[in-house]
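Trainee: This is the structure I have questions about; it appears just below.
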Amino acid sequence: MNFLDAEYVQGFMRMANDGWEQGWHERNGGNLSYRVKTEEVELVKENFVAKEWQAIGATVPDLAGEFFLVTGSGKYFRNVIIKPEDSICMLEVDQTGEKYRIVWGLVNGGRPTSELPSHLMNHEVKKKATDGKYRVIYHAHTTNVIALTFVLPLKDEVFTRELWEMATECPVVFPAGIGMVPWMVPGGCEIAIATSKLMKAYDVAIWAHHGMFAAGEDFDLTFGLMHTVEKSAEILVKMLSMQPTKLQTITPDDFRDLARDFNVTLPEKFLYTK
Ligand code: 13P
Ligand code: ZN
């Protein structure tokens with residue numbers, strides 16, 4: 001089968017374009033990765049031409065032998081649907097979990113996203129925590145969330161609670177909450193370690209003054225999660241711009257009622273009295 005005709009490749013490209021249309025991917029901002037199923041690798045294997053092994057810059061032994069579809073470093077989300085073979089690639093992780101090689105894509109050269117350590121370390125954590133169910137890791141430069149990292153304390157409790165309060169669906173969509181990474185140099189192993197630690201507890205991590213990481217089972221759920229958090233941040237930015245105080249809001253007891261009826265567990269650490 002032609003590589004680009006595979007349904008999951010189409011889904012990957014559509015998601016990248018949806019993110020572009022939201023305005024989250026200026027220039028080469030953001031990156032996306034998908035842990036490909038064995039049968040999906042088989043479908044397109046005839047198109048593979050393996051390049052040399054390269055260092056990942058992190059060790060991910062639990063991903064040994066897995067294949068990933070990822071965006072290229074310096075590539076524009078704008079171009080993913082226009083020239084996919086130049087913008088994205090399929091890569092294979094070696095048996096030690098320390099190296100990767102490109103087997104398709106990036107036809108004009110280049111390498112996978114500079115955030116590959118963060119993507120793969122997050123995949124490793126999520127694969128283990130969800131029994132292999134989670135397959136998508138998404139990094140976007142979401143405007144309103146970034147704006148909030150300049151005015152709210154960079155604490156998991158504060159961001160989770162404030163964003164939960166802005167839209168009733170939020171605690172149902174991200175009941176585990178949101179983790180905060182203070183400003184760090186992007187693109188390396190250190191920020192990958194900090195982010196993947198948070199991914200053990202959460203599906204969303206915010207990088208202060210930079211953007212967001214979201215993890216999920218498939219493209220729709222992961223994009224929907226990113227979209228929901230960013231929409232809530234937009235409401236909060238609007239609210240704070242009108243006046244800094246709320247006349248009324250959703251209370252801790254309201255959240256407890258919601259949790260009961262919607263069958264989700266909301267950790268009490270987020271339901272503190274203000
Ligand atoms: P890449 O172009 O290397 O994916 O980097 C974009 C980015 O958002 C870095 O955090
Ligand atoms: Zn970024």
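We label chains A, B, ... in the order they appear in the structure tokens, count residues from 1 in each chain, and number ligands from 1 in the order shown.
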With only C-alpha atoms and all ligand atoms counted, collect every polymer residue having an atom within 9 Å of ligand 1; state the result as a compact mmCIF listing (two decimals) with C-alpha atoms, in the first residue's frame.
Mentor:
```txt
# COMPACT_ATOMS: atom_id res chain seq x y z
CA HIS A 25 1.97 26.15 15.07
CA ARG A 27 6.71 28.59 11.80
CA ASN A 28 8.06 25.17 12.94
CA GLY A 29 6.40 25.41 16.38
CA GLY A 30 5.11 22.17 17.87
CA ASN A 31 5.59 18.49 17.05
CA LEU A 32 3.54 15.30 16.89
CA THR A 71 7.13 15.47 12.48
CA GLY A 72 10.55 16.66 11.34
CA SER A 73 12.71 19.20 13.15
CA GLY A 74 12.34 22.68 11.68
CA LYS A 75 9.40 21.52 9.54
CA TYR A 76 6.20 23.53 9.42
CA ARG A 111 15.99 14.78 11.36
CA PRO A 112 12.98 14.03 13.55
CA THR A 113 11.73 16.75 15.91
CA SER A 114 14.26 18.16 18.37
CA GLU A 115 11.77 17.16 21.08
CA LEU A 116 12.21 13.46 20.23
CA HIS A 139 3.27 19.32 21.58
CA ALA A 140 1.67 22.65 20.61
CA HIS A 141 2.34 26.34 21.24
CA PRO A 186 13.76 22.80 25.30
CA GLY A 187 14.95 20.00 23.05
CA HIS A 210 6.51 27.69 25.82
CA GLY A 211 3.49 25.44 25.29
```
Trainee: Show me, as a list in words, the residues that have an atom within 6 Å of stretch 66-68 of chain A when counting only C-alpha atoms, minus same-chain residues fewer than 3 positions from it.
Mentor: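 Selected residues are Tyr34, Arg35, Val36, Leu63, Met90, Leu91, Glu92 and Val93 of chain A.
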Trainee: Tell me, as a list in words, which residues lie within 9 Å of A:Tyr134, counting only C-alpha atoms; anything in the same chain fewer than 6 positions away does not count.
Mentor: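 Residues near the query, excluding close chain neighbours: Arg35, His123, Lys126, Lys127, Ala215, Gly216, Glu217 and Asp218 of chain A.
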Trainee: Based on the selection just made, write all heavy atoms of those residues as a compact mmCIF listing (two decimals), in the first residue's frame.
Mentor:
```
# COMPACT_ATOMS: atom_id res chain seq x y z
N ARG A 35 2.75 6.24 17.97
CA ARG A 35 3.36 4.91 18.10
C ARG A 35 2.53 3.95 17.24
O ARG A 35 1.38 3.67 17.54
CB ARG A 35 3.39 4.48 19.57
CG ARG A 35 4.17 3.19 19.82
CD ARG A 35 4.45 2.98 21.32
NE ARG A 35 3.22 2.95 22.10
CZ ARG A 35 2.44 1.89 22.26
NH1 ARG A 35 2.77 0.73 21.71
NH2 ARG A 35 1.32 1.96 22.99
N HIS A 123 6.05 8.57 25.58
CA HIS A 123 5.46 7.34 25.03
C HIS A 123 5.77 6.15 25.94
O HIS A 123 4.90 5.31 26.19
CB HIS A 123 6.01 7.05 23.63
CG HIS A 123 5.26 7.74 22.53
ND1 HIS A 123 3.96 7.44 22.21
CD2 HIS A 123 5.63 8.71 21.66
CE1 HIS A 123 3.57 8.20 21.19
NE2 HIS A 123 4.56 8.98 20.84
N LYS A 126 3.63 6.31 29.07
CA LYS A 126 2.21 6.08 28.79
C LYS A 126 1.92 4.66 28.32
O LYS A 126 0.88 4.09 28.65
CB LYS A 126 1.70 7.09 27.74
CG LYS A 126 1.51 8.48 28.31
CD LYS A 126 0.51 8.44 29.45
CE LYS A 126 0.22 9.80 30.03
NZ LYS A 126 -0.57 9.71 31.28
N LYS A 127 2.86 4.08 27.58
CA LYS A 127 2.68 2.70 27.12
C LYS A 127 2.54 1.77 28.33
O LYS A 127 1.64 0.94 28.40
CB LYS A 127 3.89 2.28 26.27
CG LYS A 127 3.78 0.89 25.67
CD LYS A 127 5.04 0.50 24.92
CE LYS A 127 5.00 -0.98 24.54
NZ LYS A 127 6.28 -1.44 23.99
N ALA A 215 -1.14 13.78 25.90
CA ALA A 215 -0.99 12.36 25.55
C ALA A 215 -2.37 11.74 25.46
O ALA A 215 -3.28 12.12 26.20
CB ALA A 215 -0.19 11.64 26.63
N GLY A 216 -2.53 10.77 24.54
CA GLY A 216 -3.84 10.13 24.44
C GLY A 216 -3.81 8.86 23.62
O GLY A 216 -2.80 8.50 23.02
N GLU A 217 -4.99 8.23 23.61
CA GLU A 217 -5.15 6.94 22.93
C GLU A 217 -5.06 7.07 21.41
O GLU A 217 -4.47 6.25 20.75
CB GLU A 217 -6.56 6.43 23.26
CG GLU A 217 -6.57 5.21 24.11
CD GLU A 217 -8.00 4.81 24.43
OE1 GLU A 217 -8.59 4.01 23.67
OE2 GLU A 217 -8.51 5.29 25.46
N ASP A 218 -5.74 8.08 20.87
CA ASP A 218 -5.76 8.24 19.41
C ASP A 218 -5.72 9.72 19.05
O ASP A 218 -5.64 10.58 19.94
CB ASP A 218 -7.00 7.54 18.81
CG ASP A 218 -8.30 8.09 19.37
OD1 ASP A 218 -8.34 9.27 19.77
OD2 ASP A 218 -9.30 7.34 19.40
```
Trainee: Determine the nearest neighbour of A:Asp18 from the options A:Met226, A:Ile137, A:Ala194, A:Cys89, counting only C-alpha atoms.
Mentor: A:Met226
Trainee: From the list A:Ala259, A:Leu236, A:Ile146, A:Leu266, which residue is nearest ligand 2 when using only C-alpha atoms and all ligand atoms?
Mentor: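 Looking at the shortest contact to ligand 2, the residue is A:Ile146.
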Trainee: Which of stretch 30-259 of chain A counts as strand (DSSP E or B) under DSSP, as a compact mmCIF listing (two decimals) with N, CA, C and O atoms, in the first residue's frame please?
Mentor:
```txt
# COMPACT_ATOMS: atom_id res chain seq x y z
N ASN A 31 5.21 19.78 17.65
CA ASN A 31 5.59 18.49 17.05
C ASN A 31 4.60 17.42 17.47
O ASN A 31 3.89 17.58 18.46
N LEU A 32 4.55 16.34 16.69
CA LEU A 32 3.54 15.30 16.89
C LEU A 32 4.18 13.93 16.66
O LEU A 32 5.02 13.78 15.77
N SER A 33 3.79 12.96 17.49
CA SER A 33 4.30 11.60 17.26
C SER A 33 3.20 10.57 17.53
O SER A 33 2.32 10.78 18.37
N TYR A 34 3.28 9.46 16.79
CA TYR A 34 2.30 8.38 16.89
C TYR A 34 3.05 7.05 16.96
O TYR A 34 3.90 6.78 16.11
N ARG A 35 2.75 6.24 17.97
CA ARG A 35 3.36 4.91 18.10
C ARG A 35 2.53 3.95 17.24
O ARG A 35 1.38 3.67 17.54
N GLN A 54 20.92 6.52 14.47
CA GLN A 54 21.34 7.76 15.13
C GLN A 54 20.99 7.68 16.60
O GLN A 54 20.05 6.98 16.98
N ALA A 55 21.71 8.47 17.43
CA ALA A 55 21.41 8.50 18.87
C ALA A 55 20.10 9.26 19.11
O ALA A 55 19.86 10.30 18.51
N PHE A 67 7.92 1.37 16.03
CA PHE A 67 7.96 2.35 14.94
C PHE A 67 7.10 3.56 15.32
O PHE A 67 6.03 3.41 15.93
N PHE A 68 7.59 4.75 14.94
CA PHE A 68 6.88 6.00 15.25
C PHE A 68 6.77 6.86 14.00
O PHE A 68 7.73 6.96 13.22
N LEU A 69 5.61 7.50 13.88
CA LEU A 69 5.43 8.51 12.85
C LEU A 69 5.63 9.84 13.56
O LEU A 69 4.97 10.09 14.60
N VAL A 70 6.55 10.67 13.09
CA VAL A 70 6.85 11.93 13.79
C VAL A 70 7.05 13.08 12.81
O VAL A 70 7.43 12.87 11.65
N THR A 71 6.84 14.30 13.30
CA THR A 71 7.13 15.47 12.48
C THR A 71 8.63 15.74 12.50
O THR A 71 9.33 15.37 13.43
N GLY A 72 9.12 16.39 11.46
CA GLY A 72 10.55 16.66 11.34
C GLY A 72 10.95 17.94 12.06
O GLY A 72 10.13 18.87 12.22
N ILE A 88 7.43 14.98 7.41
CA ILE A 88 7.29 13.97 8.47
C ILE A 88 8.16 12.75 8.14
O ILE A 88 8.68 12.63 7.03
N CYS A 89 8.30 11.87 9.13
CA CYS A 89 9.03 10.63 8.85
C CYS A 89 8.52 9.49 9.73
O CYS A 89 7.86 9.73 10.74
N MET A 90 8.82 8.30 9.27
CA MET A 90 8.58 7.10 10.09
C MET A 90 9.95 6.69 10.60
O MET A 90 10.92 6.67 9.83
N LEU A 91 10.05 6.38 11.88
CA LEU A 91 11.33 5.91 12.40
C LEU A 91 11.15 4.63 13.20
O LEU A 91 10.06 4.32 13.68
N GLU A 92 12.27 3.91 13.29
CA GLU A 92 12.30 2.64 14.02
C GLU A 92 13.28 2.80 15.18
O GLU A 92 14.37 3.35 15.01
N VAL A 93 12.89 2.34 16.36
CA VAL A 93 13.79 2.35 17.52
C VAL A 93 14.53 1.01 17.56
O VAL A 93 13.93 -0.04 17.29
N LYS A 99 18.87 4.15 20.06
CA LYS A 99 19.06 4.67 18.70
C LYS A 99 17.77 4.57 17.90
O LYS A 99 16.89 3.78 18.22
N TYR A 100 17.72 5.39 16.83
CA TYR A 100 16.60 5.30 15.91
C TYR A 100 17.16 5.38 14.49
O TYR A 100 18.28 5.85 14.27
N ARG A 101 16.36 4.92 13.53
CA ARG A 101 16.70 5.19 12.13
C ARG A 101 15.43 5.53 11.37
O ARG A 101 14.35 4.99 11.65
N ILE A 102 15.59 6.44 10.41
CA ILE A 102 14.45 6.84 9.57
C ILE A 102 14.24 5.75 8.53
O ILE A 102 15.21 5.28 7.91
N VAL A 103 12.99 5.33 8.35
CA VAL A 103 12.71 4.31 7.32
C VAL A 103 11.81 4.86 6.20
O VAL A 103 11.65 4.22 5.17
N TRP A 104 11.24 6.04 6.43
CA TRP A 104 10.42 6.69 5.39
C TRP A 104 10.38 8.19 5.67
O TRP A 104 10.37 8.61 6.83
N GLY A 105 10.32 9.00 4.63
CA GLY A 105 10.08 10.43 4.77
C GLY A 105 11.33 11.28 4.91
O GLY A 105 12.44 10.80 4.71
N PRO A 112 14.26 13.92 12.84
CA PRO A 112 12.98 14.03 13.55
C PRO A 112 13.01 15.22 14.51
O PRO A 112 14.09 15.73 14.84
N VAL A 136 -0.47 8.47 21.15
CA VAL A 136 -0.20 9.79 20.57
C VAL A 136 0.39 10.74 21.61
O VAL A 136 -0.09 10.81 22.75
N ILE A 137 1.44 11.46 21.22
CA ILE A 137 2.02 12.54 22.03
C ILE A 137 2.05 13.78 21.15
O ILE A 137 2.51 13.73 20.00
N TYR A 138 1.55 14.89 21.69
CA TYR A 138 1.36 16.10 20.89
C TYR A 138 1.88 17.32 21.66
O TYR A 138 1.50 17.53 22.81
N HIS A 139 2.74 18.08 21.00
CA HIS A 139 3.27 19.32 21.58
C HIS A 139 2.81 20.50 20.73
O HIS A 139 3.02 20.49 19.51
N ALA A 140 2.16 21.50 21.36
CA ALA A 140 1.67 22.65 20.61
C ALA A 140 1.97 23.94 21.38
O ALA A 140 2.09 23.92 22.61
N ILE A 178 -3.41 18.62 35.61
CA ILE A 178 -2.36 19.12 34.70
C ILE A 178 -1.07 19.30 35.48
O ILE A 178 -1.08 19.81 36.60
N GLY A 179 0.04 18.91 34.87
CA GLY A 179 1.35 19.08 35.51
C GLY A 179 2.10 20.27 34.94
O GLY A 179 1.95 20.60 33.76
N MET A 180 2.89 20.92 35.78
CA MET A 180 3.63 22.12 35.36
C MET A 180 5.13 21.88 35.32
O MET A 180 5.71 21.38 36.29
N VAL A 181 5.73 22.26 34.21
CA VAL A 181 7.19 22.23 34.08
C VAL A 181 7.65 23.68 34.08
O VAL A 181 7.19 24.47 33.26
N VAL A 204 -1.65 15.76 30.60
CA VAL A 204 -1.28 17.08 30.09
C VAL A 204 -0.15 17.66 30.93
O VAL A 204 -0.20 17.62 32.16
N ALA A 205 0.87 18.19 30.25
CA ALA A 205 1.93 18.92 30.94
C ALA A 205 2.12 20.26 30.24
O ALA A 205 2.11 20.33 29.00
N ILE A 206 2.24 21.32 31.05
CA ILE A 206 2.44 22.66 30.49
C ILE A 206 3.91 23.05 30.68
O ILE A 206 4.46 22.88 31.77
N TRP A 207 4.52 23.51 29.62
CA TRP A 207 5.89 24.04 29.68
C TRP A 207 5.77 25.56 29.82
O TRP A 207 5.28 26.23 28.89
N GLY A 211 4.61 26.16 25.91
CA GLY A 211 3.49 25.44 25.29
C GLY A 211 2.99 24.29 26.13
O GLY A 211 3.09 24.32 27.36
N MET A 212 2.47 23.28 25.46
CA MET A 212 1.82 22.19 26.15
C MET A 212 2.17 20.85 25.52
O MET A 212 2.44 20.78 24.32
N PHE A 213 2.15 19.78 26.32
CA PHE A 213 2.24 18.41 25.84
C PHE A 213 0.95 17.69 26.22
O PHE A 213 0.50 17.82 27.36
N ALA A 214 0.37 16.96 25.30
CA ALA A 214 -0.81 16.15 25.62
C ALA A 214 -0.58 14.73 25.15
O ALA A 214 0.11 14.49 24.14
N ALA A 215 -1.14 13.78 25.90
CA ALA A 215 -0.99 12.36 25.55
C ALA A 215 -2.37 11.74 25.46
O ALA A 215 -3.28 12.12 26.20
N GLY A 216 -2.53 10.77 24.54
CA GLY A 216 -3.84 10.13 24.44
C GLY A 216 -3.81 8.86 23.62
O GLY A 216 -2.80 8.50 23.02
```
Trainee: Could you check the closest approach to ligand 2 for each of A:Ile191, A:Val151, A:Ala167, A:Leu258 and tell me which residue wins, using only C-alpha atoms and all ligand atoms?
Mentor: A:Ile191
Trainee: Between A:Trp24, A:Val9, A:Met166, A:Pro61, which one has atoms that come closest to A:Leu240, using only C-alpha atoms?
Mentor: A:Met166
Trainee: Name the residues in contact with A:Gly177 at a cut-off of 7 Å, using only C-alpha atoms, excluding same-chain residues fewer than 3 positions from it; report them as a list of chain:residue names.
Mentor: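 So, after excluding close chain neighbours, the residues are A:Thr160, A:Phe174, A:Tyr202.
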Trainee: Go through A:Lys200, A:His209, A:Glu52, A:Pro171 one by one, measure the shortest atom-to-atom distance of each to ligand 2 using only C-alpha atoms and all ligand atoms, and give the residue with the smallest value.
Mentor: A:His209
Trainee: Separation of atom CA of A:Glu40 and atom CA of A:Val125, in Å?
Mentor: 21.8 Å
Trainee: So which one's closest to A:Met1, A:Met184, A:Lys246, A:Lys45, A:Val229? Using only C-alpha atoms, please.
Mentor: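 Closest to A:Met1 of all the choices is A:Lys45.
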Trainee: Report the residues of stretch 49-111 of chain A whose backbone DSSP state falls under helix (DSSP H, G or I), written as a ChimeraX atom specification.
Mentor: /A:61-63,77-79,84-87
Trainee: I need the chosen residues saved as a compact mmCIF listing (two decimals), in the first residue's frame, with N, CA and C atoms.
Mentor:
```txt
# COMPACT_ATOMS: atom_id res chain seq x y z
N PRO A 61 14.22 1.81 26.67
CA PRO A 61 14.26 0.37 26.43
C PRO A 61 12.88 -0.26 26.21
N ASP A 62 11.85 0.30 26.84
CA ASP A 62 10.51 -0.29 26.68
C ASP A 62 9.89 0.02 25.31
N LEU A 63 10.61 0.79 24.49
CA LEU A 63 10.12 1.07 23.13
C LEU A 63 10.97 0.36 22.08
N PHE A 77 4.12 22.76 10.46
CA PHE A 77 2.83 22.03 10.47
C PHE A 77 2.00 22.45 9.25
N ARG A 78 2.15 23.70 8.85
CA ARG A 78 1.44 24.21 7.67
C ARG A 78 1.65 23.32 6.45
N ASN A 79 2.87 22.73 6.36
CA ASN A 79 3.23 21.99 5.16
C ASN A 79 2.96 20.49 5.23
N PRO A 84 3.93 16.09 2.66
CA PRO A 84 4.18 15.21 3.80
C PRO A 84 5.54 14.51 3.75
N GLU A 85 5.97 14.07 2.57
CA GLU A 85 7.22 13.29 2.51
C GLU A 85 8.44 14.15 2.87
N ASP A 86 8.28 15.48 2.83
CA ASP A 86 9.36 16.38 3.23
C ASP A 86 9.24 16.79 4.70
N SER A 87 8.03 16.66 5.27
CA SER A 87 7.74 17.24 6.59
C SER A 87 7.72 16.23 7.73
```
Trainee: Atom CA of A:Asp254 and atom CA of A:Arg161 are how many Å apart?
Mentor: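 The value is 12.6 Å.
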Trainee: In Å to one decimal, how far is atom CA of A:Gln95 from atom CA of A:Phe3?
Mentor: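 These two atoms are separated by 24.2 Å.
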